[in-house]
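Shown next: start-v9.cif, containing mmCIF, C-alpha atoms and all ligand atoms.
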data_final
#
loop_
_atom_site.label_atom_id
_atom_site.label_comp_id
_atom_site.auth_asym_id
_atom_site.auth_seq_id
_atom_site.Cartn_x
_atom_site.Cartn_y
_atom_site.Cartn_z
CA MET L 1 83.69 70.43 40.74
CA ALA L 2 86.12 69.40 38.00
CA ASP L 3 85.47 65.71 38.27
CA LYS L 4 82.61 64.15 36.38
CA GLY L 5 79.83 63.81 38.93
CA THR L 6 76.72 65.29 40.49
CA TYR L 7 75.20 65.69 43.95
CA VAL L 8 72.40 63.55 45.27
CA GLU L 9 71.27 64.97 48.62
CA ASP L 10 74.68 66.63 49.02
CA SER L 11 76.46 63.34 48.49
CA TYR L 12 78.85 63.13 45.52
CA GLU L 13 77.76 60.64 42.87
CA ARG L 14 80.24 59.76 40.13
CA ASP L 15 78.94 59.88 36.57
CA THR L 16 79.74 56.53 35.02
CA ARG L 17 78.14 57.06 31.62
CA TYR L 18 80.96 56.23 29.24
CA ILE L 19 81.35 56.11 25.51
CA PRO L 20 80.41 52.46 24.85
CA THR L 21 82.65 51.72 21.85
CA ARG L 22 85.66 49.47 22.35
CA ILE L 23 88.91 48.84 20.52
CA THR L 24 89.02 45.09 19.97
CA ALA L 25 91.09 42.52 18.07
CA ASP L 26 88.15 41.77 15.75
CA GLY L 27 87.17 45.43 15.34
CA ARG L 28 83.49 44.66 16.01
CA ASP L 29 82.74 48.30 16.93
CA GLY L 30 84.63 49.62 13.91
CA PHE L 31 87.88 50.07 15.86
CA ALA L 32 90.32 47.22 15.41
CA VAL L 33 93.51 46.96 17.41
CA GLU L 34 96.23 48.34 15.18
CA PRO L 35 99.73 49.52 16.07
CA GLY L 36 100.20 53.28 15.74
CA ARG L 37 96.54 54.07 15.07
CA TYR L 38 95.40 55.19 18.52
CA ARG L 39 96.58 57.70 21.08
CA LEU L 40 95.97 57.28 24.79
CA VAL L 41 95.43 60.71 26.35
CA VAL L 42 96.11 61.01 30.06
CA SER L 43 96.99 63.37 32.84
CA ARG L 44 99.59 62.24 35.35
CA ALA L 45 97.41 63.81 38.02
CA CYS L 46 94.42 61.56 37.40
CA PRO L 47 94.10 58.19 39.19
CA TRP L 48 91.68 56.80 36.59
CA ALA L 49 94.15 57.59 33.81
CA HIS L 50 96.97 56.24 35.96
CA ARG L 51 95.45 52.74 35.77
CA THR L 52 95.73 52.80 31.98
CA ILE L 53 99.30 54.17 32.11
CA LEU L 54 100.38 51.34 34.44
CA THR L 55 98.70 48.64 32.36
CA ARG L 56 100.18 49.94 29.09
CA GLN L 57 103.65 49.98 30.66
CA LEU L 58 103.41 46.56 32.30
CA LEU L 59 102.29 44.98 29.02
CA GLY L 60 104.98 46.76 26.99
CA LEU L 61 102.51 48.49 24.68
CA GLU L 62 104.37 51.83 24.56
CA ASP L 63 105.51 51.43 20.94
CA VAL L 64 102.11 50.47 19.56
CA LEU L 65 99.86 52.76 21.56
CA SER L 66 101.31 56.27 21.86
CA MET L 67 100.47 58.52 24.79
CA GLY L 68 99.63 62.21 25.01
CA VAL L 69 100.02 63.89 28.40
CA CYS L 70 97.88 66.87 29.37
CA GLY L 71 99.07 69.53 31.78
CA PRO L 72 97.87 69.15 35.37
CA THR L 73 95.75 72.29 35.61
CA HIS L 74 93.05 73.65 33.37
CA ASP L 75 90.05 75.93 33.14
CA SER L 76 86.40 75.03 32.63
CA ASP L 77 87.18 73.81 29.11
CA SER L 78 89.10 70.96 30.75
CA TRP L 79 92.33 69.24 29.74
CA THR L 80 94.83 70.98 27.46
CA PHE L 81 98.12 69.98 25.82
CA ASP L 82 99.94 72.90 27.40
CA LEU L 83 103.04 70.80 28.16
CA ASP L 84 103.68 70.32 24.43
CA ALA L 85 105.49 72.74 22.14
CA GLY L 86 103.05 75.41 20.97
CA GLY L 87 100.39 73.98 23.30
CA VAL L 88 99.37 71.42 20.70
CA ASP L 89 99.54 67.62 20.90
CA PRO L 90 102.20 66.61 18.36
CA VAL L 91 100.23 63.63 17.04
CA LEU L 92 96.64 64.85 17.23
CA GLY L 93 97.44 68.48 16.33
CA ILE L 94 94.88 69.85 18.80
CA PRO L 95 95.29 72.15 21.82
CA ARG L 96 92.45 70.69 23.94
CA LEU L 97 91.20 67.18 24.56
CA LYS L 98 87.73 68.71 24.23
CA ASP L 99 88.37 69.04 20.47
CA ALA L 100 88.58 65.25 20.12
CA TYR L 101 85.37 64.78 22.13
CA GLU L 102 83.59 67.39 20.01
CA ALA L 103 84.78 65.67 16.83
CA ARG L 104 82.53 62.73 17.66
CA PRO L 105 79.42 62.67 15.50
CA ASP L 106 77.11 61.80 18.42
CA GLY L 107 77.86 65.00 20.36
CA TYR L 108 78.75 63.05 23.53
CA LYS L 109 77.65 65.27 26.42
CA PRO L 110 78.66 63.90 29.84
CA GLY L 111 81.97 65.79 29.85
CA VAL L 112 85.62 65.80 28.91
CA THR L 113 87.62 63.32 30.97
CA VAL L 114 90.88 61.43 30.98
CA PRO L 115 91.75 58.74 30.20
CA ALA L 116 90.53 58.84 26.62
CA ILE L 117 91.73 56.95 23.56
CA VAL L 118 91.61 58.92 20.33
CA ASP L 119 91.55 57.39 16.85
CA THR L 120 94.25 59.30 14.96
CA THR L 121 92.59 58.57 11.62
CA THR L 122 89.42 60.50 12.52
CA GLY L 123 90.60 62.60 15.46
CA GLN L 124 87.66 61.31 17.52
CA VAL L 125 87.61 59.88 21.03
CA VAL L 126 86.78 56.17 20.77
CA THR L 127 86.55 55.32 24.45
CA ASN L 128 86.83 56.97 27.86
CA ASP L 129 85.91 54.03 30.06
CA PHE L 130 88.99 53.47 32.21
CA ASP L 131 88.04 50.00 33.38
CA GLN L 132 87.13 48.74 29.91
CA ILE L 133 90.33 50.27 28.50
CA VAL L 134 92.42 48.41 31.08
CA ARG L 135 90.69 45.08 30.42
CA ASP L 136 90.95 45.52 26.67
CA LEU L 137 94.67 46.28 26.88
CA VAL L 138 95.00 42.93 28.68
CA THR L 139 92.72 40.80 26.49
CA GLU L 140 92.50 42.47 23.06
CA TRP L 141 96.04 43.76 22.52
CA THR L 142 97.74 40.40 23.23
CA GLU L 143 99.36 40.21 19.79
CA PHE L 144 101.38 43.34 20.52
CA GLN L 145 102.27 42.82 24.17
CA ARG L 146 105.87 42.13 25.09
CA PRO L 147 106.68 38.40 25.07
CA ASP L 148 107.07 38.13 28.85
CA ALA L 149 104.08 40.34 29.67
CA PRO L 150 102.47 39.40 33.02
CA ASP L 151 98.99 37.91 33.09
CA LEU L 152 97.24 40.67 35.01
CA TRP L 153 93.79 39.10 34.80
CA PRO L 154 94.26 35.33 35.17
CA ASP L 155 91.16 33.21 34.65
CA ALA L 156 91.54 31.41 37.95
CA LEU L 157 91.56 34.65 39.93
CA ARG L 158 88.98 36.68 38.02
CA GLU L 159 86.13 36.17 40.43
CA GLU L 160 88.18 37.31 43.41
CA ILE L 161 89.71 40.20 41.43
CA GLU L 162 86.18 41.39 40.59
CA GLU L 163 85.05 41.17 44.17
CA VAL L 164 88.04 42.96 45.67
CA SER L 165 88.18 45.57 42.90
CA GLY L 166 84.49 46.34 43.39
CA LEU L 167 84.96 46.98 47.11
CA VAL L 168 88.08 49.05 46.46
CA TYR L 169 86.29 51.10 43.80
CA GLU L 170 83.30 51.90 45.97
CA ASP L 171 84.99 52.58 49.29
CA VAL L 172 88.50 53.74 48.36
CA ASN L 173 88.93 54.94 44.74
CA ASN L 174 85.61 56.71 44.76
CA GLY L 175 85.43 56.96 48.55
CA VAL L 176 88.12 59.63 48.70
CA TYR L 177 86.14 61.74 46.21
CA ARG L 178 82.97 61.26 48.24
CA CYS L 179 84.83 62.58 51.29
CA GLY L 180 86.32 65.49 49.40
CA PHE L 181 83.24 66.60 47.53
CA ALA L 182 80.69 65.95 50.29
CA GLY L 183 78.22 68.80 50.57
CA ARG L 184 76.97 67.95 54.03
CA GLN L 185 78.58 66.77 57.27
CA GLU L 186 76.71 63.45 57.35
CA SER L 187 77.74 62.65 53.77
CA TYR L 188 81.37 63.31 54.63
CA ASP L 189 81.20 61.32 57.88
CA ARG L 190 79.68 58.35 56.10
CA ALA L 191 82.26 58.37 53.29
CA TYR L 192 85.13 58.82 55.77
CA ASP L 193 84.02 55.87 57.93
CA GLN L 194 83.54 53.68 54.88
CA LEU L 195 86.96 54.65 53.48
CA PHE L 196 88.92 53.94 56.65
CA ALA L 197 87.01 50.74 57.42
CA ARG L 198 88.04 49.50 53.98
CA LEU L 199 91.64 50.65 54.43
CA ASP L 200 91.74 48.75 57.74
CA TRP L 201 90.44 45.69 55.90
CA LEU L 202 93.12 46.09 53.24
CA GLU L 203 95.80 46.61 55.89
CA GLU L 204 94.78 43.32 57.47
CA ARG L 205 94.65 41.54 54.13
CA LEU L 206 98.13 42.75 53.16
CA SER L 207 99.72 42.01 56.52
CA ASP L 208 100.59 38.51 55.29
CA ALA L 209 100.33 38.91 51.51
CA ASP L 210 102.43 40.67 48.88
CA TYR L 211 99.52 41.30 46.51
CA LEU L 212 95.80 41.89 46.89
CA VAL L 213 94.66 38.72 45.13
CA GLY L 214 96.73 35.55 44.76
CA ASP L 215 100.51 35.78 44.88
CA GLN L 216 100.98 37.86 41.76
CA LEU L 217 100.33 41.35 40.45
CA THR L 218 96.77 41.62 39.08
CA LEU L 219 94.23 44.21 37.99
CA ALA L 220 93.14 44.42 41.63
CA ASP L 221 96.51 45.98 42.54
CA ILE L 222 96.27 48.33 39.57
CA ARG L 223 92.83 49.36 40.84
CA LEU L 224 94.10 50.22 44.32
CA TRP L 225 97.59 51.63 43.85
CA PRO L 226 96.88 54.96 42.10
CA THR L 227 94.68 55.95 45.06
CA LEU L 228 97.37 54.99 47.57
CA VAL L 229 100.08 56.99 45.82
CA ARG L 230 97.87 60.11 45.95
CA PHE L 231 96.76 59.57 49.52
CA ASP L 232 99.25 61.61 51.53
CA ALA L 233 100.03 64.05 48.71
CA ALA L 234 96.42 65.02 48.04
CA TYR L 235 93.59 63.12 49.71
CA HIS L 236 94.78 63.42 53.30
CA GLY L 237 94.68 67.21 53.17
CA HIS L 238 92.61 68.29 50.19
CA PHE L 239 89.85 65.68 50.57
CA LYS L 240 90.00 65.62 54.41
CA CYS L 241 90.82 61.89 54.51
CA ASN L 242 92.88 62.50 57.59
CA ARG L 243 92.37 59.79 60.20
CA ASN L 244 95.91 58.80 59.30
CA LYS L 245 98.37 58.92 56.45
CA LEU L 246 99.29 56.00 54.27
CA THR L 247 102.73 56.04 55.90
CA GLU L 248 101.02 55.20 59.18
CA MET L 249 99.53 51.95 57.89
CA PRO L 250 102.56 49.63 57.86
CA ALA L 251 101.33 46.83 55.59
CA LEU L 252 99.71 49.14 53.04
CA TRP L 253 102.74 51.44 53.04
CA ALA L 254 105.16 48.54 52.52
CA TYR L 255 102.94 47.13 49.77
CA ALA L 256 102.69 50.49 48.01
CA ARG L 257 106.46 50.98 48.06
CA ARG L 258 107.03 47.40 46.88
CA LEU L 259 104.99 48.05 43.75
CA TRP L 260 106.71 51.41 43.25
CA HIS L 261 110.11 49.68 43.16
CA ASP L 262 109.58 46.06 42.11
CA HIS L 263 107.15 46.78 39.27
CA ASP L 264 108.49 50.21 38.33
CA PHE L 265 105.22 51.93 39.22
CA GLY L 266 107.34 54.81 40.55
CA SER L 267 108.39 55.88 37.06
CA THR L 268 104.76 56.72 36.24
CA VAL L 269 104.26 59.13 39.14
CA ASN L 270 104.52 62.91 39.05
CA PHE L 271 103.74 64.34 42.48
CA GLU L 272 103.95 67.93 41.21
CA HIS L 273 101.19 67.20 38.72
CA ILE L 274 99.11 65.43 41.34
CA LYS L 275 99.33 68.24 43.89
CA SER L 276 98.89 71.12 41.47
CA HIS L 277 95.87 69.45 39.88
CA TYR L 278 93.91 68.63 42.99
CA TYR L 279 94.65 71.78 44.95
CA GLY L 280 94.59 74.07 41.92
CA VAL L 281 91.63 72.83 39.89
CA HIS L 282 89.04 72.07 42.58
CA THR L 283 88.53 75.73 43.47
CA ASP L 284 85.13 74.98 44.98
CA ILE L 285 86.82 73.17 47.88
CA ASN L 286 90.14 75.09 47.81
CA PRO L 287 89.18 78.61 46.65
CA THR L 288 92.67 80.12 47.03
CA GLY L 289 94.22 77.43 44.86
CA ILE L 290 97.23 77.36 47.17
CA VAL L 291 99.22 74.15 46.86
CA PRO L 292 100.74 73.00 50.16
CA LYS L 293 104.50 72.50 50.32
CA GLY L 294 104.24 69.25 52.28
CA PRO L 295 104.13 66.50 53.05
CA ASP L 296 107.61 65.01 52.74
CA LEU L 297 107.21 62.34 50.07
CA SER L 298 110.82 61.15 50.01
CA GLY L 299 109.86 57.91 51.81
CA TRP L 300 108.60 56.53 48.50
CA GLU L 301 112.19 56.30 47.28
CA VAL L 302 113.12 54.01 50.16
CA ARG L 303 112.69 50.40 49.26
N1 LIG L 401 84.70 59.85 35.46
C1 LIG L 401 85.46 58.68 35.21
C2 LIG L 401 86.90 58.83 35.50
C3 LIG L 401 87.57 59.90 34.72
C4 LIG L 401 87.62 61.18 35.50
O1 LIG L 401 86.73 61.52 36.28
N2 LIG L 401 88.71 61.89 35.29
C5 LIG L 401 88.85 63.21 35.85
C6 LIG L 401 90.26 63.49 36.32
S1 LIG L 401 90.74 62.50 37.70
C7 LIG L 401 88.58 64.22 34.78
O2 LIG L 401 89.02 64.07 33.66
N3 LIG L 401 87.85 65.29 35.13
C8 LIG L 401 87.53 66.33 34.22
C9 LIG L 401 88.32 67.56 34.43
O3 LIG L 401 89.22 67.61 35.30
O4 LIG L 401 88.05 68.53 33.68
C10 LIG L 401 85.03 57.54 36.07
O5 LIG L 401 84.25 57.75 36.97
O6 LIG L 401 85.47 56.45 35.83
#

Once more with this new file: its structure as structure tokens, please.
Amino acid sequence: MADKGTYVEDSYERDTRYIPTRITADGRDGFAVEPGRYRLVVSRACPWAHRTILTRQLLGLEDVLSMGVCGPTHDSDSWTFDLDAGGVDPVLGIPRLKDAYEARPDGYKPGVTVPAIVDTTTGQVVTNDFDQIVRDLVTEWTEFQRPDAPDLWPDALREEIEEVSGLVYEDVNNGVYRCGFAGRQESYDRAYDQLFARLDWLEERLSDADYLVGDQLTLADIRLWPTLVRFDAAYHGHFKCNRNKLTEMPALWAYARRLWHDHDFGSTVNFEHIKSHYYGVHTDINPTGIVPKGPDLSGWEVR
């Protein structure tokens, strides 16, 4: 399995041990927010990285926090900069993200994952905690955000954002992985039921609302959307999440397309990377590595 997790009684359990250091305005962990100092490393295939890509773009942080993009497929040494000239990241000067993890003095063991933010002055990964990265981009990088940046984590909505995001994380973001990587029928059945019960709940919630919490875009939407955009392209087939497609849930489908168009989420999506990563890298569940031609994803372009 290429994702960071283990099996407990044949049920997939995500490894959530992250590097604890943070990049903050006051630099309390030794890493102060500073334009041009850090590089966000992502893959356009990865939903966890996608949340940091969306947040960086919405807040207009592109010029102060550069981004390195790994190729969608890799071997057991994990993510490489094979899309770049000479197979080397032009800023970090390394061929593999692993090199920046291994540069850390503490010999961090849990595995090489994206997203990761690398300190260009030392070449070391500072953080790989997607949720903390997203929150810190919102709260610690304020000085460098574009003047009309949206408030993605408003005080008045935080409690509800936490609650909804927690349910979405457990049942949907991670739920699709628990379906796909289940090692036993009962584990799969349980994850599948939990996933679709939550999608039904979300469908209901969005039937008379434009956003998940309040009437504005928030971190709750950023939590959900990267899973939705991968649903028909990857999870429906590869992870056997096939009660129905996203396109068959009218409110969720309309919501997902609204964010694609109205908030320019679409510009961050690469379906080729998504499909080739999931079907090509998880050889334990797709041993031939064959990437399906379908489904037709052109509906995303329709407003
Ligand atoms: N494990 C992290 C998310 C990061 C993650 O699992 N990323 C995957 C890609 S979606 C990864 O980098 N896997 C390692 C690999 O593919 O080698 C979490 O649970 O929050």

* Which protein, DNA or RNA residues have an atom within 6 Å of ligand LIG 401 (chain L), counting only C-alpha atoms and all ligand atoms, as an MDAnalysis selection string? -> chainID L and resid 2:4 14:16 46:48 78:79 112:114 130

* Asked: Contacts of range 216-226 of chain L at 6 Å or less, counting all atoms listed in the file, minus same-chain residues fewer than 6 places along, as a PyMOL selection string?
  -> chain L and resi 47+51+152-153+161+165

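Compared by their closest atoms to Trp300 in chain L, and using only C-alpha atoms, the residues L:Glu159, L:Asp232, L:Asp284, L:Asp151 rank with L:Asp232 nearest.
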
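Distances here use all atoms listed in the file; by that measure, the residue among L:Arg190, L:Arg37, L:Lys240, L:Lys245 closest to Asn286 in chain L is L:Lys240.
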
* Would you kindly return, as a ChimeraX atom specification, each protein, DNA or RNA residue with an atom no farther than 9 Å from any atom of range 234-238 of chain L, considering all atoms listed in the file and excluding same-chain residues fewer than 5 positions away? => /L:176-177,179-180,227,243-246,274-275,278-279,285-286,292

* To do: Would you kindly return, as a ChimeraX atom specification, each protein, DNA or RNA residue with an atom no farther than 9 Å from any atom of range 196-203 of chain L, considering only C-alpha atoms and excluding same-chain residues fewer than 3 positions away?
  => /L:167-168,171-172,191-193,206-207,212,241,243-244,249-253

* **Nearest candidate to Leu228 in chain L (options L:Asp106, L:Pro150, L:Tyr211, L:Trp260; using all atoms listed in the file)** => L:Trp260

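Between Val125 in chain L and the candidates L:Arg22, L:Arg158, L:His50, L:Arg178, the tightest atom-to-atom separation, counting all atoms listed in the file, involves L:Arg22.
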
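Of the listed residues L:Pro154, L:Gly266, L:Gly36, L:Gly93, the one whose atoms come nearest to Arg135 in chain L is L:Pro154, with distances taken using only C-alpha atoms.
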
* To do: Find the residues near Arg44 in chain L: any atom within 8 Å, counting all atoms listed in the file, skip ones fewer than 6 places away on the same chain, and give them as JSON, numbers by chain.
  => {"L": [50, 69, 70, 72, 268, 269, 270, 273, 274]}

For range 54-74 of chain L, which lacks atoms in the input, supply N, CA and C atoms and format the output as a PDB file, in the frame of the given file.
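Full text of out29.pdb as output:
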ATOM      1  N   LEU L  54      99.686  52.492  33.828  1.00  0.00           N
ATOM      2  CA  LEU L  54     100.380  51.340  34.440  1.00  0.00           C
ATOM      3  C   LEU L  54     100.198  50.084  33.586  1.00  0.00           C
ATOM      4  N   THR L  55      98.989  49.861  33.123  1.00  0.00           N
ATOM      5  CA  THR L  55      98.700  48.640  32.360  1.00  0.00           C
ATOM      6  C   THR L  55      99.468  48.660  31.030  1.00  0.00           C
ATOM      7  N   ARG L  56      99.445  49.806  30.362  1.00  0.00           N
ATOM      8  CA  ARG L  56     100.180  49.940  29.090  1.00  0.00           C
ATOM      9  C   ARG L  56     101.665  49.650  29.305  1.00  0.00           C
ATOM     10  N   GLN L  57     102.218  50.169  30.381  1.00  0.00           N
ATOM     11  CA  GLN L  57     103.650  49.980  30.660  1.00  0.00           C
ATOM     12  C   GLN L  57     103.957  48.531  31.017  1.00  0.00           C
ATOM     13  N   LEU L  58     103.148  47.941  31.876  1.00  0.00           N
ATOM     14  CA  LEU L  58     103.410  46.560  32.300  1.00  0.00           C
ATOM     15  C   LEU L  58     103.345  45.594  31.115  1.00  0.00           C
ATOM     16  N   LEU L  59     102.460  45.881  30.170  1.00  0.00           N
ATOM     17  CA  LEU L  59     102.290  44.980  29.020  1.00  0.00           C
ATOM     18  C   LEU L  59     103.234  45.320  27.870  1.00  0.00           C
ATOM     19  N   GLY L  60     104.008  46.388  28.026  1.00  0.00           N
ATOM     20  CA  GLY L  60     104.980  46.760  26.990  1.00  0.00           C
ATOM     21  C   GLY L  60     104.321  47.241  25.707  1.00  0.00           C
ATOM     22  N   LEU L  61     103.241  48.021  25.861  1.00  0.00           N
ATOM     23  CA  LEU L  61     102.510  48.490  24.680  1.00  0.00           C
ATOM     24  C   LEU L  61     102.909  49.904  24.244  1.00  0.00           C
ATOM     25  N   GLU L  62     103.992  50.436  24.821  1.00  0.00           N
ATOM     26  CA  GLU L  62     104.370  51.830  24.560  1.00  0.00           C
ATOM     27  C   GLU L  62     104.589  52.118  23.078  1.00  0.00           C
ATOM     28  N   ASP L  63     105.188  51.153  22.354  1.00  0.00           N
ATOM     29  CA  ASP L  63     105.510  51.430  20.940  1.00  0.00           C
ATOM     30  C   ASP L  63     104.310  51.295  19.998  1.00  0.00           C
ATOM     31  N   VAL L  64     103.268  50.649  20.449  1.00  0.00           N
ATOM     32  CA  VAL L  64     102.110  50.470  19.560  1.00  0.00           C
ATOM     33  C   VAL L  64     100.938  51.396  19.893  1.00  0.00           C
ATOM     34  N   LEU L  65     100.916  51.844  21.141  1.00  0.00           N
ATOM     35  CA  LEU L  65      99.860  52.760  21.560  1.00  0.00           C
ATOM     36  C   LEU L  65     100.549  53.995  22.148  1.00  0.00           C
ATOM     37  N   SER L  66     100.586  55.092  21.391  1.00  0.00           N
ATOM     38  CA  SER L  66     101.310  56.270  21.860  1.00  0.00           C
ATOM     39  C   SER L  66     100.499  56.964  22.959  1.00  0.00           C
ATOM     40  N   MET L  67     101.150  57.879  23.657  1.00  0.00           N
ATOM     41  CA  MET L  67     100.470  58.520  24.790  1.00  0.00           C
ATOM     42  C   MET L  67     100.669  60.024  24.765  1.00  0.00           C
ATOM     43  N   GLY L  68      99.582  60.757  24.887  1.00  0.00           N
ATOM     44  CA  GLY L  68      99.630  62.210  25.010  1.00  0.00           C
ATOM     45  C   GLY L  68      99.366  62.585  26.460  1.00  0.00           C
ATOM     46  N   VAL L  69     100.143  63.530  26.983  1.00  0.00           N
ATOM     47  CA  VAL L  69     100.020  63.890  28.400  1.00  0.00           C
ATOM     48  C   VAL L  69      99.552  65.343  28.530  1.00  0.00           C
ATOM     49  N   CYS L  70      98.411  65.518  29.157  1.00  0.00           N
ATOM     50  CA  CYS L  70      97.880  66.870  29.370  1.00  0.00           C
ATOM     51  C   CYS L  70      98.539  67.498  30.590  1.00  0.00           C
ATOM     52  N   GLY L  71      98.554  68.817  30.610  1.00  0.00           N
ATOM     53  CA  GLY L  71      99.070  69.530  31.780  1.00  0.00           C
ATOM     54  C   GLY L  71      98.139  69.321  32.957  1.00  0.00           C
ATOM     55  N   PRO L  72      98.654  69.495  34.185  1.00  0.00           N
ATOM     56  CA  PRO L  72      97.870  69.150  35.370  1.00  0.00           C
ATOM     57  C   PRO L  72      96.736  70.108  35.715  1.00  0.00           C
ATOM     58  N   THR L  73      96.823  71.346  35.250  1.00  0.00           N
ATOM     59  CA  THR L  73      95.750  72.290  35.610  1.00  0.00           C
ATOM     60  C   THR L  73      95.028  72.750  34.350  1.00  0.00           C
ATOM     61  N   HIS L  74      93.817  73.195  34.539  1.00  0.00           N
ATOM     62  CA  HIS L  74      93.050  73.650  33.370  1.00  0.00           C
ATOM     63  C   HIS L  74      91.887  74.502  33.800  1.00  0.00           C
TER      64      HIS L  74
END
